[in-house]
>>> print(open('target_19.pdb').read())   # PDB, C-alpha atoms and all ligand atoms
ATOM      1  CA  MET A 141      76.938 130.884  48.727  1.00  0.00           C
ATOM      2  CA  GLN A 142      75.392 134.290  48.147  1.00  0.00           C
ATOM      3  CA  PRO A 143      72.124 134.028  46.202  1.00  0.00           C
ATOM      4  CA  LEU A 144      71.148 137.414  44.753  1.00  0.00           C
ATOM      5  CA  GLU A 145      67.721 136.625  43.326  1.00  0.00           C
ATOM      6  CA  ILE A 146      65.803 134.150  41.218  1.00  0.00           C
ATOM      7  CA  ASP A 147      67.226 134.763  37.728  1.00  0.00           C
ATOM      8  CA  HIS A 148      64.760 132.565  35.887  1.00  0.00           C
ATOM      9  CA  VAL A 149      62.279 129.742  36.158  1.00  0.00           C
ATOM     10  CA  ALA A 150      62.720 127.346  33.231  1.00  0.00           C
ATOM     11  CA  ILE A 151      59.782 125.424  31.827  1.00  0.00           C
ATOM     12  CA  ALA A 152      60.139 122.617  29.289  1.00  0.00           C
ATOM     13  CA  VAL A 153      57.519 122.741  26.548  1.00  0.00           C
ATOM     14  CA  GLU A 154      56.666 120.752  23.422  1.00  0.00           C
ATOM     15  CA  ASP A 155      55.555 123.678  21.240  1.00  0.00           C
ATOM     16  CA  ILE A 156      57.485 126.835  22.030  1.00  0.00           C
ATOM     17  CA  GLU A 157      55.403 129.107  19.784  1.00  0.00           C
ATOM     18  CA  LYS A 158      52.188 128.067  21.516  1.00  0.00           C
ATOM     19  CA  ALA A 159      53.823 128.504  24.910  1.00  0.00           C
ATOM     20  CA  VAL A 160      55.180 131.961  23.993  1.00  0.00           C
ATOM     21  CA  SER A 161      51.684 133.045  22.905  1.00  0.00           C
ATOM     22  CA  TYR A 162      50.217 131.869  26.169  1.00  0.00           C
ATOM     23  CA  TYR A 163      52.801 133.471  28.436  1.00  0.00           C
ATOM     24  CA  GLN A 164      52.786 136.674  26.391  1.00  0.00           C
ATOM     25  CA  ASP A 165      49.159 137.153  25.448  1.00  0.00           C
ATOM     26  CA  SER A 166      47.392 135.581  28.399  1.00  0.00           C
ATOM     27  CA  LEU A 167      49.838 136.245  31.229  1.00  0.00           C
ATOM     28  CA  GLY A 168      51.360 139.515  29.998  1.00  0.00           C
ATOM     29  CA  ALA A 169      55.046 138.562  30.154  1.00  0.00           C
ATOM     30  CA  LYS A 170      57.194 140.229  27.461  1.00  0.00           C
ATOM     31  CA  VAL A 171      59.617 138.363  25.198  1.00  0.00           C
ATOM     32  CA  VAL A 172      63.080 139.850  25.710  1.00  0.00           C
ATOM     33  CA  HIS A 173      65.385 137.213  24.265  1.00  0.00           C
ATOM     34  CA  ARG A 174      65.425 134.190  21.961  1.00  0.00           C
ATOM     35  CA  GLU A 175      68.331 131.886  21.426  1.00  0.00           C
ATOM     36  CA  ARG A 176      69.124 128.498  19.926  1.00  0.00           C
ATOM     37  CA  ILE A 177      71.933 126.753  21.802  1.00  0.00           C
ATOM     38  CA  GLU A 178      72.933 123.921  19.487  1.00  0.00           C
ATOM     39  CA  SER A 179      75.518 122.496  21.909  1.00  0.00           C
ATOM     40  CA  ASP A 180      72.729 121.907  24.454  1.00  0.00           C
ATOM     41  CA  GLY A 181      70.122 120.969  21.831  1.00  0.00           C
ATOM     42  CA  VAL A 182      67.693 123.625  23.038  1.00  0.00           C
ATOM     43  CA  GLU A 183      65.850 126.666  21.871  1.00  0.00           C
ATOM     44  CA  GLU A 184      64.944 129.123  24.588  1.00  0.00           C
ATOM     45  CA  VAL A 185      62.742 132.167  24.890  1.00  0.00           C
ATOM     46  CA  LEU A 186      63.088 134.499  27.858  1.00  0.00           C
ATOM     47  CA  LEU A 187      60.059 136.470  29.005  1.00  0.00           C
ATOM     48  CA  ALA A 188      60.537 139.236  31.554  1.00  0.00           C
ATOM     49  CA  VAL A 189      58.597 139.182  34.805  1.00  0.00           C
ATOM     50  CA  ALA A 190      59.827 142.219  36.752  1.00  0.00           C
ATOM     51  CA  GLU A 191      63.561 141.629  37.327  1.00  0.00           C
ATOM     52  CA  SER A 192      63.375 137.881  36.674  1.00  0.00           C
ATOM     53  CA  TYR A 193      62.568 135.725  33.672  1.00  0.00           C
ATOM     54  CA  ILE A 194      60.400 132.841  32.682  1.00  0.00           C
ATOM     55  CA  GLN A 195      62.528 130.713  30.354  1.00  0.00           C
ATOM     56  CA  LEU A 196      60.658 128.490  27.918  1.00  0.00           C
ATOM     57  CA  LEU A 197      62.773 125.591  26.687  1.00  0.00           C
ATOM     58  CA  THR A 198      62.182 123.196  23.845  1.00  0.00           C
ATOM     59  CA  PRO A 199      64.482 120.570  22.298  1.00  0.00           C
ATOM     60  CA  THR A 200      66.045 121.115  18.860  1.00  0.00           C
ATOM     61  CA  ASN A 201      66.857 117.423  18.372  1.00  0.00           C
ATOM     62  CA  GLU A 202      65.836 114.023  19.743  1.00  0.00           C
ATOM     63  CA  GLY A 203      69.074 113.504  21.655  1.00  0.00           C
ATOM     64  CA  SER A 204      68.644 116.748  23.589  1.00  0.00           C
ATOM     65  CA  PRO A 205      68.466 116.433  27.399  1.00  0.00           C
ATOM     66  CA  VAL A 206      65.259 118.479  27.217  1.00  0.00           C
ATOM     67  CA  ALA A 207      63.775 115.908  24.798  1.00  0.00           C
ATOM     68  CA  LYS A 208      64.614 113.196  27.333  1.00  0.00           C
ATOM     69  CA  PHE A 209      63.113 115.280  30.124  1.00  0.00           C
ATOM     70  CA  LEU A 210      59.857 115.761  28.168  1.00  0.00           C
ATOM     71  CA  ALA A 211      59.639 112.054  27.339  1.00  0.00           C
ATOM     72  CA  LYS A 212      60.104 111.116  30.985  1.00  0.00           C
ATOM     73  CA  LYS A 213      58.259 113.835  32.873  1.00  0.00           C
ATOM     74  CA  GLY A 214      56.203 115.739  30.339  1.00  0.00           C
ATOM     75  CA  GLU A 215      55.928 119.517  30.152  1.00  0.00           C
ATOM     76  CA  GLY A 216      56.575 121.597  33.229  1.00  0.00           C
ATOM     77  CA  LEU A 217      59.209 122.927  35.603  1.00  0.00           C
ATOM     78  CA  HIS A 218      62.672 122.048  34.311  1.00  0.00           C
ATOM     79  CA  HIS A 219      64.993 124.071  36.559  1.00  0.00           C
ATOM     80  CA  ILE A 220      65.332 127.244  38.609  1.00  0.00           C
ATOM     81  CA  GLY A 221      68.150 129.701  37.903  1.00  0.00           C
ATOM     82  CA  TRP A 222      69.690 131.311  40.972  1.00  0.00           C
ATOM     83  CA  ARG A 223      71.669 134.470  40.268  1.00  0.00           C
ATOM     84  CA  VAL A 224      75.010 134.555  42.050  1.00  0.00           C
ATOM     85  CA  PRO A 225      77.818 137.128  41.920  1.00  0.00           C
ATOM     86  CA  ASP A 226      80.522 134.535  41.184  1.00  0.00           C
ATOM     87  CA  CYS A 227      79.537 131.192  39.641  1.00  0.00           C
ATOM     88  CA  SER A 228      82.965 129.650  40.065  1.00  0.00           C
ATOM     89  CA  ALA A 229      83.171 130.536  43.777  1.00  0.00           C
ATOM     90  CA  ALA A 230      79.613 129.342  44.419  1.00  0.00           C
ATOM     91  CA  LEU A 231      80.257 126.021  42.646  1.00  0.00           C
ATOM     92  CA  LYS A 232      83.505 125.466  44.559  1.00  0.00           C
ATOM     93  CA  GLU A 233      81.759 126.152  47.865  1.00  0.00           C
ATOM     94  CA  LEU A 234      78.875 123.788  47.081  1.00  0.00           C
ATOM     95  CA  LYS A 235      81.258 121.001  46.039  1.00  0.00           C
ATOM     96  CA  GLU A 236      83.175 121.442  49.304  1.00  0.00           C
ATOM     97  CA  LYS A 237      79.871 121.054  51.147  1.00  0.00           C
ATOM     98  CA  GLY A 238      79.269 117.766  49.325  1.00  0.00           C
ATOM     99  CA  VAL A 239      76.481 119.044  47.076  1.00  0.00           C
ATOM    100  CA  GLU A 240      76.042 116.837  44.007  1.00  0.00           C
ATOM    101  CA  VAL A 241      76.739 118.943  40.933  1.00  0.00           C
ATOM    102  CA  ILE A 242      76.250 118.248  37.215  1.00  0.00           C
ATOM    103  CA  ASP A 243      78.855 120.698  35.897  1.00  0.00           C
ATOM    104  CA  GLN A 244      82.256 120.331  37.509  1.00  0.00           C
ATOM    105  CA  LYS A 245      83.252 123.690  36.056  1.00  0.00           C
ATOM    106  CA  PRO A 246      81.265 126.806  35.104  1.00  0.00           C
ATOM    107  CA  ARG A 247      80.376 127.021  31.410  1.00  0.00           C
ATOM    108  CA  PRO A 248      78.821 129.581  29.047  1.00  0.00           C
ATOM    109  CA  GLY A 249      75.038 129.955  29.296  1.00  0.00           C
ATOM    110  CA  SER A 250      72.623 131.985  27.201  1.00  0.00           C
ATOM    111  CA  ARG A 251      72.815 135.807  26.999  1.00  0.00           C
ATOM    112  CA  GLY A 252      76.550 135.613  27.687  1.00  0.00           C
ATOM    113  CA  THR A 253      76.053 134.369  31.245  1.00  0.00           C
ATOM    114  CA  ILE A 254      78.285 131.913  33.100  1.00  0.00           C
ATOM    115  CA  VAL A 255      76.388 128.951  34.520  1.00  0.00           C
ATOM    116  CA  ALA A 256      76.681 125.626  36.341  1.00  0.00           C
ATOM    117  CA  PHE A 257      73.982 123.056  37.093  1.00  0.00           C
ATOM    118  CA  ILE A 258      73.350 121.368  40.442  1.00  0.00           C
ATOM    119  CA  HIS A 259      71.851 117.860  40.449  1.00  0.00           C
ATOM    120  CA  PRO A 260      68.119 117.646  41.170  1.00  0.00           C
ATOM    121  CA  LYS A 261      68.640 114.519  43.313  1.00  0.00           C
ATOM    122  CA  GLY A 262      70.197 116.514  46.123  1.00  0.00           C
ATOM    123  CA  SER A 263      67.854 119.484  45.674  1.00  0.00           C
ATOM    124  CA  PHE A 264      64.623 117.665  46.455  1.00  0.00           C
ATOM    125  CA  GLY A 265      63.689 117.046  42.839  1.00  0.00           C
ATOM    126  CA  THR A 266      64.374 120.416  41.209  1.00  0.00           C
ATOM    127  CA  MET A 267      67.503 121.072  39.181  1.00  0.00           C
ATOM    128  CA  ILE A 268      69.218 124.343  40.111  1.00  0.00           C
ATOM    129  CA  GLU A 269      71.323 126.479  37.784  1.00  0.00           C
ATOM    130  CA  LEU A 270      73.813 128.976  39.184  1.00  0.00           C
ATOM    131  CA  VAL A 271      73.800 132.049  36.913  1.00  0.00           C
ATOM    132  CA  GLN A 272      76.400 134.793  36.846  1.00  0.00           C
ATOM    133  CA  GLU A 273      75.588 137.830  34.739  1.00  0.00           C
ATOM    134  CA  MET A 274      78.470 139.181  32.702  1.00  0.00           C
ATOM    135  CA  PRO A 275      79.457 142.786  33.433  1.00  0.00           C
ATOM    136  CA  GLU A 276      77.866 145.407  31.132  1.00  0.00           C
ATOM    137  CA  GLY A 277      79.578 145.718  27.786  1.00  0.00           C
ATOM    138  CA  HIS A 278      80.709 142.102  27.536  1.00  0.00           C
TER     139      HIS A 278
HETATM  140 CO    CO G   1      68.463 128.097  32.719  1.00  0.00          CO
END
>>> encode(input="target_19.pdb", output="structure tokens")
Amino acid sequence: MQPLEIDHVAIAVEDIEKAVSYYQDSLGAKVVHRERIESDGVEEVLLAVAESYIQLLTPTNEGSPVAKFLAKKGEGLHHIGWRVPDCSAALKELKEKGVEVIDQKPRPGSRGTIVAFIHPKGSFGTMIELVQEMPEGH
């Protein structure tokens, strides 16, 4: 695999407006994107930190995986997004190496990215998301 950089660090929160205020007003990160992804049951806010993002995540319904995460673990680190040039190739390579994945195939992420999740069990407790940026203009 060819990791390019840390794309984002995702943090699960109960109250996204409070969290946005904190990260923006106290820590100086700027909001660059907001999106509700109904299929995943999440609302996310991306705040820029240099070339990477802090991604605040909150559930939009009780059945959301993020709601389950919050109930079990409370607020905090949810996953780390690793930017890769080719999500499909990276996923195939990891599967061949026996890495336990969550997504068998790449799928659409936020901001028009292509993503796939790697199981936290094999990654020493932290879920990893492979993130491929779409070319400009798409
Ligand atoms: Co993510």
>>> residues_near_ligand(input="target_19.pdb", ligand="ligand CO 1 (chain G)", cutoff="9 Å", atoms="only C-alpha atoms and all ligand atoms", output="VMD selection string")
chain A and resid 147 to 150 184 195 197 218 to 222 249 to 250 255 257 268 to 271
>>> write_last_selection(input="target_19.pdb", atoms="C-alpha atoms", output="mmCIF file, keeping the file's coordinate frame")
data_model
loop_
_atom_site.group_PDB
_atom_site.id
_atom_site.type_symbol
_atom_site.label_atom_id
_atom_site.label_comp_id
_atom_site.auth_asym_id
_atom_site.auth_seq_id
_atom_site.Cartn_x
_atom_site.Cartn_y
_atom_site.Cartn_z
ATOM 1 C CA ASP A 147 67.226 134.763 37.728
ATOM 2 C CA HIS A 148 64.760 132.565 35.887
ATOM 3 C CA VAL A 149 62.279 129.742 36.158
ATOM 4 C CA ALA A 150 62.720 127.346 33.231
ATOM 5 C CA GLU A 184 64.944 129.123 24.588
ATOM 6 C CA GLN A 195 62.528 130.713 30.354
ATOM 7 C CA LEU A 197 62.773 125.591 26.687
ATOM 8 C CA HIS A 218 62.672 122.048 34.311
ATOM 9 C CA HIS A 219 64.993 124.071 36.559
ATOM 10 C CA ILE A 220 65.332 127.244 38.609
ATOM 11 C CA GLY A 221 68.150 129.701 37.903
ATOM 12 C CA TRP A 222 69.690 131.311 40.972
ATOM 13 C CA GLY A 249 75.038 129.955 29.296
ATOM 14 C CA SER A 250 72.623 131.985 27.201
ATOM 15 C CA VAL A 255 76.388 128.951 34.520
ATOM 16 C CA PHE A 257 73.982 123.056 37.093
ATOM 17 C CA ILE A 268 69.218 124.343 40.111
ATOM 18 C CA GLU A 269 71.323 126.479 37.784
ATOM 19 C CA LEU A 270 73.813 128.976 39.184
ATOM 20 C CA VAL A 271 73.800 132.049 36.913
#
>>> residues_around(input="target_19.pdb", residues="stretch 172-183 of chain A", least_positions_apart="4", cutoff="7 Å", atoms="all atoms listed in the file", output="PyMOL selection string")
chain A and resi 187-188+197-201+204
>>> resolve_selection(input="target_19.pdb", expression="the PyMOL selection byres (((chain A and resi 207-216) around 7) and not hetatm)", output="PyMOL selection string")
chain A and resi 151-154+199+202-206+217-218
>>> atom_distance(input="target_19.pdb", atom1="atom CA of A:Ile146", atom2="atom CA of A:Ile194")
10.2 Å
>>> atom_distance(input="target_19.pdb", atom1="atom CA of A:Met274", atom2="atom CA of A:Gly252")
6.4 Å
>>> residues_near_point(input="target_19.pdb", point="(74.4, 124.2, 44.0)", cutoff="10 Å", atoms="only C-alpha atoms", output="PyMOL selection string")
chain A and resi 141+222+227+230-235+237-243+256-260+262-263+267-270
>>> atom_distance(input="target_19.pdb", atom1="atom CA of A:Arg247", atom2="atom CA of A:Asp155")
27.0 Å
>>> resolve_selection(input="target_19.pdb", expression="the PyMOL selection byres (((chain A and resi 160) around 10) and not hetatm)", output="ChimeraX atom specification")
/A:153,155-159,161-167,169-171,185-187,195-196
>>> axis_aligned_box(input="target_19.pdb", around="stretch 203-222 of chain A", padding_each_side="5 Å", output="AutoDock Vina command-line options")
--center_x 62.8 --center_y 121.2 --center_z 31.3 --size_x 23.8 --size_y 30.2 --size_z 29.3
>>> closest_residue(input="target_19.pdb", among="A:Gln244, A:Gly168, A:Glu145, A:Ser228", to="A:Glu191", atoms="all atoms listed in the file")
A:Glu145
